[in-house]
Amino acid sequence: DVVHAHSGVVSPFAFAATYHAQSLGLPAVVTSHCIWSKADTVFAAVDRIFHWSSWPVVFSGVSEVAASELRSVMPASRHSGVRIIPNGIDPQQWVVTPAPHEPVTFVSVMRLARRKRPVPLIRMFAKGLAHMNAPAKLVIIGDGAQRARVEWMIRKHKLEHHVELLGRLEQDKILEVYA
């Protein structure tokens with residue numbers, strides 16, 4: 001009934017599917033999940049060739065920040081048409097009652113991919129830990145190509161007793177960690 005492409009900075013299949021959908025007259029939605037950063041100039045250049053910003057497509061972002069990235073390369077006449085479609089998460093499902101305990105525990109769920117910035121997270125935690133007046137712990141849920149680098153950073157900053165790498169977990173286990 002409708003083509004809904006989820007795009008990032010490098011999403012050739014999403015953009016190809018959207019191009020073909022709109023050229024066939026099929027309704028299409030493109031949802032951006034990314035902060036384009038310096039890629040906005042590339043998207044603007046590609047727009048001059050393919051005119052993607054004028055396609056009869058609904059453009060959206062998963063947040064106001066992601067939507068504003070789209071607007072930055074679109075004609076002003078299309079800005080108000082960029083909608084926000086939040087990620088498909090039911091916030092009520094993620095309500096937990098925290099258990100009071102020490103140490104203060106920070107939890108991050110992420111792919112261990114460079115663009116998700118797990119290494120800077122370790123550096124930031126190491127700096128913050130040096131200034132805290134309470135014991136603290138960082139729990140990282142997820143896996144990916146940067147795992148060895150993250151493990152190396154943990155050893156480099158002597159954080160073995162402060163950082164836990166749990167790997168990929170199912171949703172119910174993530175909720176338990178959040179609690």
# chains A, B, ... in the order shown; residues from 1 in each chain; ligands from 1

$ select_by_dssp --residues "segment 50-95 of chain A" --states "strand (DSSP E)" --output "PyMOL selection string"
chain A and resi 58-61+83-84

$ write_last_selection --atoms "all heavy atoms" --output "PDB file, in the first residue's frame"
ATOM      1  N   VAL A  58       6.366  11.824   1.421  1.00  0.00           N
ATOM      2  CA  VAL A  58       6.297  12.400   2.755  1.00  0.00           C
ATOM      3  C   VAL A  58       7.652  12.171   3.412  1.00  0.00           C
ATOM      4  O   VAL A  58       8.111  11.029   3.503  1.00  0.00           O
ATOM      5  CB  VAL A  58       5.172  11.754   3.594  1.00  0.00           C
ATOM      6  CG1 VAL A  58       5.222  12.258   5.034  1.00  0.00           C
ATOM      7  CG2 VAL A  58       3.815  12.030   2.961  1.00  0.00           C
ATOM      8  N   PHE A  59       8.299  13.249   3.838  1.00  0.00           N
ATOM      9  CA  PHE A  59       9.579  13.148   4.528  1.00  0.00           C
ATOM     10  C   PHE A  59       9.354  13.318   6.023  1.00  0.00           C
ATOM     11  O   PHE A  59       8.532  14.134   6.446  1.00  0.00           O
ATOM     12  CB  PHE A  59      10.557  14.217   4.022  1.00  0.00           C
ATOM     13  CG  PHE A  59      11.035  13.963   2.624  1.00  0.00           C
ATOM     14  CD1 PHE A  59      10.440  14.595   1.544  1.00  0.00           C
ATOM     15  CD2 PHE A  59      12.079  13.075   2.385  1.00  0.00           C
ATOM     16  CE1 PHE A  59      10.877  14.359   0.253  1.00  0.00           C
ATOM     17  CE2 PHE A  59      12.520  12.834   1.090  1.00  0.00           C
ATOM     18  CZ  PHE A  59      11.928  13.472   0.020  1.00  0.00           C
ATOM     19  N   SER A  60      10.091  12.544   6.801  1.00  0.00           N
ATOM     20  CA  SER A  60       9.944  12.626   8.252  1.00  0.00           C
ATOM     21  C   SER A  60      11.271  12.297   8.914  1.00  0.00           C
ATOM     22  O   SER A  60      12.176  11.733   8.301  1.00  0.00           O
ATOM     23  CB  SER A  60       8.857  11.660   8.734  1.00  0.00           C
ATOM     24  OG  SER A  60       9.234  10.318   8.465  1.00  0.00           O
ATOM     25  N   GLY A  61      11.344  12.655  10.197  1.00  0.00           N
ATOM     26  CA  GLY A  61      12.495  12.310  11.027  1.00  0.00           C
ATOM     27  C   GLY A  61      11.995  11.673  12.295  1.00  0.00           C
ATOM     28  O   GLY A  61      10.838  11.862  12.679  1.00  0.00           O
ATOM     29  N   ARG A  83       7.571  15.813   8.682  1.00  0.00           N
ATOM     30  CA  ARG A  83       6.891  15.394   9.909  1.00  0.00           C
ATOM     31  C   ARG A  83       7.844  14.672  10.860  1.00  0.00           C
ATOM     32  O   ARG A  83       8.943  14.296  10.475  1.00  0.00           O
ATOM     33  CB  ARG A  83       5.727  14.485   9.546  1.00  0.00           C
ATOM     34  CG  ARG A  83       4.648  15.232   8.777  1.00  0.00           C
ATOM     35  CD  ARG A  83       3.594  14.282   8.269  1.00  0.00           C
ATOM     36  NE  ARG A  83       2.499  14.970   7.646  1.00  0.00           N
ATOM     37  CZ  ARG A  83       2.475  15.362   6.383  1.00  0.00           C
ATOM     38  NH1 ARG A  83       3.515  15.168   5.613  1.00  0.00           N
ATOM     39  NH2 ARG A  83       1.423  15.971   5.887  1.00  0.00           N
ATOM     40  N   ILE A  84       7.373  14.467  12.068  1.00  0.00           N
ATOM     41  CA  ILE A  84       8.136  13.691  13.045  1.00  0.00           C
ATOM     42  C   ILE A  84       7.358  12.408  13.309  1.00  0.00           C
ATOM     43  O   ILE A  84       6.184  12.446  13.674  1.00  0.00           O
ATOM     44  CB  ILE A  84       8.348  14.483  14.347  1.00  0.00           C
ATOM     45  CG1 ILE A  84       9.173  15.732  14.049  1.00  0.00           C
ATOM     46  CG2 ILE A  84       9.030  13.607  15.402  1.00  0.00           C
ATOM     47  CD1 ILE A  84       9.297  16.691  15.199  1.00  0.00           C
TER      48      ILE A  84
END

$ residues_around --residues "His20 of chain A" --least-positions-apart "6" --cutoff "12 Å" --atoms "only C-alpha atoms" --output "ChimeraX atom specification"
/A:3,5,13-14,26-28,52,55-57

$ select_by_dssp --residues "chain A" --states "helix (DSSP H, G or I)" --output "VMD selection string"
chain A and resid 12 to 23 37 to 50 52 to 54 64 to 71 76 to 79 91 to 94 114 to 116 118 to 131 147 to 156 171 to 178

$ residues_around --residues "Pro118 of chain A" --least-positions-apart "5" --cutoff "10 Å" --atoms "only C-alpha atoms" --output "list in words"
Ser108, Met110, Arg111, Leu112, Ala113, Arg123, Met124, Ile140, Gln146, Arg147, Arg149, Val150 and Met153 of chain A

$ write_last_selection --atoms "all heavy atoms" --output "JSON list (two decimals), in the first residue's frame"
[["chain", "number", "residue", "atom", "x", "y", "z"],
["A", 108, "SER", "N", 23.74, 2.24, 29.03],
["A", 108, "SER", "CA", 23.64, 2.67, 27.64],
["A", 108, "SER", "C", 23.35, 1.44, 26.78],
["A", 108, "SER", "O", 24.00, 0.41, 26.92],
["A", 108, "SER", "CB", 24.95, 3.32, 27.17],
["A", 108, "SER", "OG", 24.86, 3.66, 25.80],
["A", 110, "MET", "N", 23.34, 0.38, 22.92],
["A", 110, "MET", "CA", 23.82, 0.88, 21.63],
["A", 110, "MET", "C", 24.50, -0.23, 20.85],
["A", 110, "MET", "O", 24.95, -1.22, 21.42],
["A", 110, "MET", "CB", 24.82, 2.02, 21.83],
["A", 110, "MET", "CG", 26.12, 1.56, 22.49],
["A", 110, "MET", "SD", 27.49, 2.73, 22.41],
["A", 110, "MET", "CE", 26.91, 4.08, 23.36],
["A", 111, "ARG", "N", 24.55, -0.03, 19.54],
["A", 111, "ARG", "CA", 25.46, -0.84, 18.74],
["A", 111, "ARG", "C", 26.86, -0.33, 19.00],
["A", 111, "ARG", "O", 27.07, 0.88, 19.08],
["A", 111, "ARG", "CB", 25.13, -0.69, 17.25],
["A", 111, "ARG", "CG", 24.14, -1.67, 16.74],
["A", 111, "ARG", "CD", 24.03, -1.67, 15.21],
["A", 111, "ARG", "NE", 24.33, -0.42, 14.54],
["A", 111, "ARG", "CZ", 23.46, 0.55, 14.31],
["A", 111, "ARG", "NH1", 22.22, 0.43, 14.70],
["A", 111, "ARG", "NH2", 23.82, 1.64, 13.67],
["A", 112, "LEU", "N", 27.80, -1.21, 19.13],
["A", 112, "LEU", "CA", 29.18, -0.77, 19.32],
["A", 112, "LEU", "C", 29.78, -0.49, 17.94],
["A", 112, "LEU", "O", 30.62, -1.22, 17.43],
["A", 112, "LEU", "CB", 29.99, -1.82, 20.09],
["A", 112, "LEU", "CG", 29.49, -2.11, 21.50],
["A", 112, "LEU", "CD1", 30.39, -3.11, 22.21],
["A", 112, "LEU", "CD2", 29.35, -0.85, 22.32],
["A", 113, "ALA", "N", 29.27, 0.57, 17.34],
["A", 113, "ALA", "CA", 29.71, 1.03, 16.03],
["A", 113, "ALA", "C", 30.31, 2.42, 16.20],
["A", 113, "ALA", "O", 29.87, 3.19, 17.07],
["A", 113, "ALA", "CB", 28.52, 1.09, 15.07],
["A", 123, "ARG", "N", 35.65, 7.32, 27.46],
["A", 123, "ARG", "CA", 36.50, 8.45, 27.89],
["A", 123, "ARG", "C", 35.74, 9.38, 28.82],
["A", 123, "ARG", "O", 36.25, 9.82, 29.84],
["A", 123, "ARG", "CB", 36.98, 9.24, 26.66],
["A", 123, "ARG", "CG", 38.15, 8.64, 25.97],
["A", 123, "ARG", "CD", 38.75, 9.66, 24.97],
["A", 123, "ARG", "NE", 39.34, 8.93, 23.89],
["A", 123, "ARG", "CZ", 38.89, 8.88, 22.65],
["A", 123, "ARG", "NH1", 37.83, 9.57, 22.30],
["A", 123, "ARG", "NH2", 39.49, 8.17, 21.74],
["A", 124, "MET", "N", 34.51, 9.71, 28.44],
["A", 124, "MET", "CA", 33.68, 10.61, 29.23],
["A", 124, "MET", "C", 33.41, 10.02, 30.62],
["A", 124, "MET", "O", 33.47, 10.71, 31.62],
["A", 124, "MET", "CB", 32.35, 10.84, 28.50],
["A", 124, "MET", "CG", 31.78, 12.20, 28.66],
["A", 124, "MET", "SD", 30.36, 12.55, 27.58],
["A", 124, "MET", "CE", 29.65, 11.01, 27.16],
["A", 140, "ILE", "N", 27.07, -1.25, 29.53],
["A", 140, "ILE", "CA", 26.80, -1.06, 28.10],
["A", 140, "ILE", "C", 26.18, -2.34, 27.56],
["A", 140, "ILE", "O", 26.76, -3.43, 27.67],
["A", 140, "ILE", "CB", 28.08, -0.71, 27.32],
["A", 140, "ILE", "CG1", 28.68, 0.59, 27.85],
["A", 140, "ILE", "CG2", 27.78, -0.61, 25.82],
["A", 140, "ILE", "CD1", 30.01, 0.98, 27.22],
["A", 146, "GLN", "N", 33.12, -2.29, 17.15],
["A", 146, "GLN", "CA", 34.00, -1.53, 18.03],
["A", 146, "GLN", "C", 34.23, -2.20, 19.39],
["A", 146, "GLN", "O", 34.89, -1.63, 20.25],
["A", 146, "GLN", "CB", 33.42, -0.12, 18.26],
["A", 146, "GLN", "CG", 33.46, 0.77, 17.04],
["A", 146, "GLN", "CD", 34.82, 1.44, 16.92],
["A", 146, "GLN", "OE1", 35.19, 2.24, 17.76],
["A", 146, "GLN", "NE2", 35.54, 1.11, 15.87],
["A", 147, "ARG", "N", 33.73, -3.41, 19.57],
["A", 147, "ARG", "CA", 33.84, -4.05, 20.88],
["A", 147, "ARG", "C", 35.29, -4.17, 21.34],
["A", 147, "ARG", "O", 35.61, -3.84, 22.48],
["A", 147, "ARG", "CB", 33.17, -5.42, 20.89],
["A", 147, "ARG", "CG", 33.20, -6.01, 22.31],
["A", 147, "ARG", "CD", 32.47, -7.32, 22.41],
["A", 147, "ARG", "NE", 32.52, -7.79, 23.78],
["A", 147, "ARG", "CZ", 31.51, -7.76, 24.63],
["A", 147, "ARG", "NH1", 30.34, -7.29, 24.25],
["A", 147, "ARG", "NH2", 31.66, -8.21, 25.85],
["A", 149, "ARG", "N", 37.86, -2.41, 20.54],
["A", 149, "ARG", "CA", 38.37, -1.07, 20.85],
["A", 149, "ARG", "C", 37.82, -0.58, 22.19],
["A", 149, "ARG", "O", 38.53, 0.02, 22.98],
["A", 149, "ARG", "CB", 37.99, -0.10, 19.72],
["A", 149, "ARG", "CG", 38.40, 1.32, 19.96],
["A", 149, "ARG", "CD", 39.62, 1.69, 19.15],
["A", 149, "ARG", "NE", 39.81, 3.13, 19.19],
["A", 149, "ARG", "CZ", 40.81, 3.71, 19.82],
["A", 149, "ARG", "NH1", 41.72, 2.99, 20.43],
["A", 149, "ARG", "NH2", 40.92, 5.01, 19.81],
["A", 150, "VAL", "N", 36.55, -0.83, 22.45],
["A", 150, "VAL", "CA", 35.94, -0.45, 23.73],
["A", 150, "VAL", "C", 36.62, -1.22, 24.87],
["A", 150, "VAL", "O", 36.96, -0.62, 25.90],
["A", 150, "VAL", "CB", 34.42, -0.71, 23.71],
["A", 150, "VAL", "CG1", 33.82, -0.59, 25.10],
["A", 150, "VAL", "CG2", 33.73, 0.25, 22.74],
["A", 153, "MET", "N", 39.91, 0.38, 25.53],
["A", 153, "MET", "CA", 39.76, 1.65, 26.25],
["A", 153, "MET", "C", 39.45, 1.42, 27.73],
["A", 153, "MET", "O", 39.93, 2.16, 28.59],
["A", 153, "MET", "CB", 38.66, 2.51, 25.62],
["A", 153, "MET", "CG", 39.01, 3.11, 24.28],
["A", 153, "MET", "SD", 40.41, 4.24, 24.38],
["A", 153, "MET", "CE", 39.69, 5.61, 25.25]]

$ residues_around --residues "segment 35-42 of chain A" --least-positions-apart "2" --cutoff "12 Å" --atoms "only C-alpha atoms" --output "list in words"
Ser7, Gly8, Val9, Val10, Ser11, Ser32, His33, Ala44, Ala45, Val46, Asp47, Arg48, Ile49, Gly61, Val62, Ser63, Glu64, Val65, Ala66, Ala67, Ser68, Glu69, Leu70, Arg71, Ser72, Val73, Met74, Arg115 and Lys116 of chain A

$ atom_distance --atom1 "atom CA of Val29 of chain A" --atom2 "atom CA of Phe15 of chain A"
10.6 Å

$ closest_residue --among "A:Tyr19, A:Leu165, A:Phe106, A:Gln171" --to "Gly128 of chain A" --atoms "only C-alpha atoms"
A:Phe106

$ closest_residue --among "A:Ser80, A:His6, A:Phe43, A:Asp1" --to "Val30 of chain A" --atoms "only C-alpha atoms"
A:His6

$ closest_residue --among "A:Leu175, A:Ile89, A:Ala17, A:Val163" --to "Val2 of chain A" --atoms "only C-alpha atoms"
A:Ala17

$ atom_distance --atom1 "atom CA of Ile141 of chain A" --atom2 "atom CA of Ile174 of chain A"
7.7 Å

$ atom_distance --atom1 "atom CA of His161 of chain A" --atom2 "atom CA of Pro98 of chain A"
21.8 Å

$ closest_residue --among "A:Glu160, A:Glu102, A:Asp172, A:Asp90" --to "Ile122 of chain A" --atoms "only C-alpha atoms"
A:Glu160
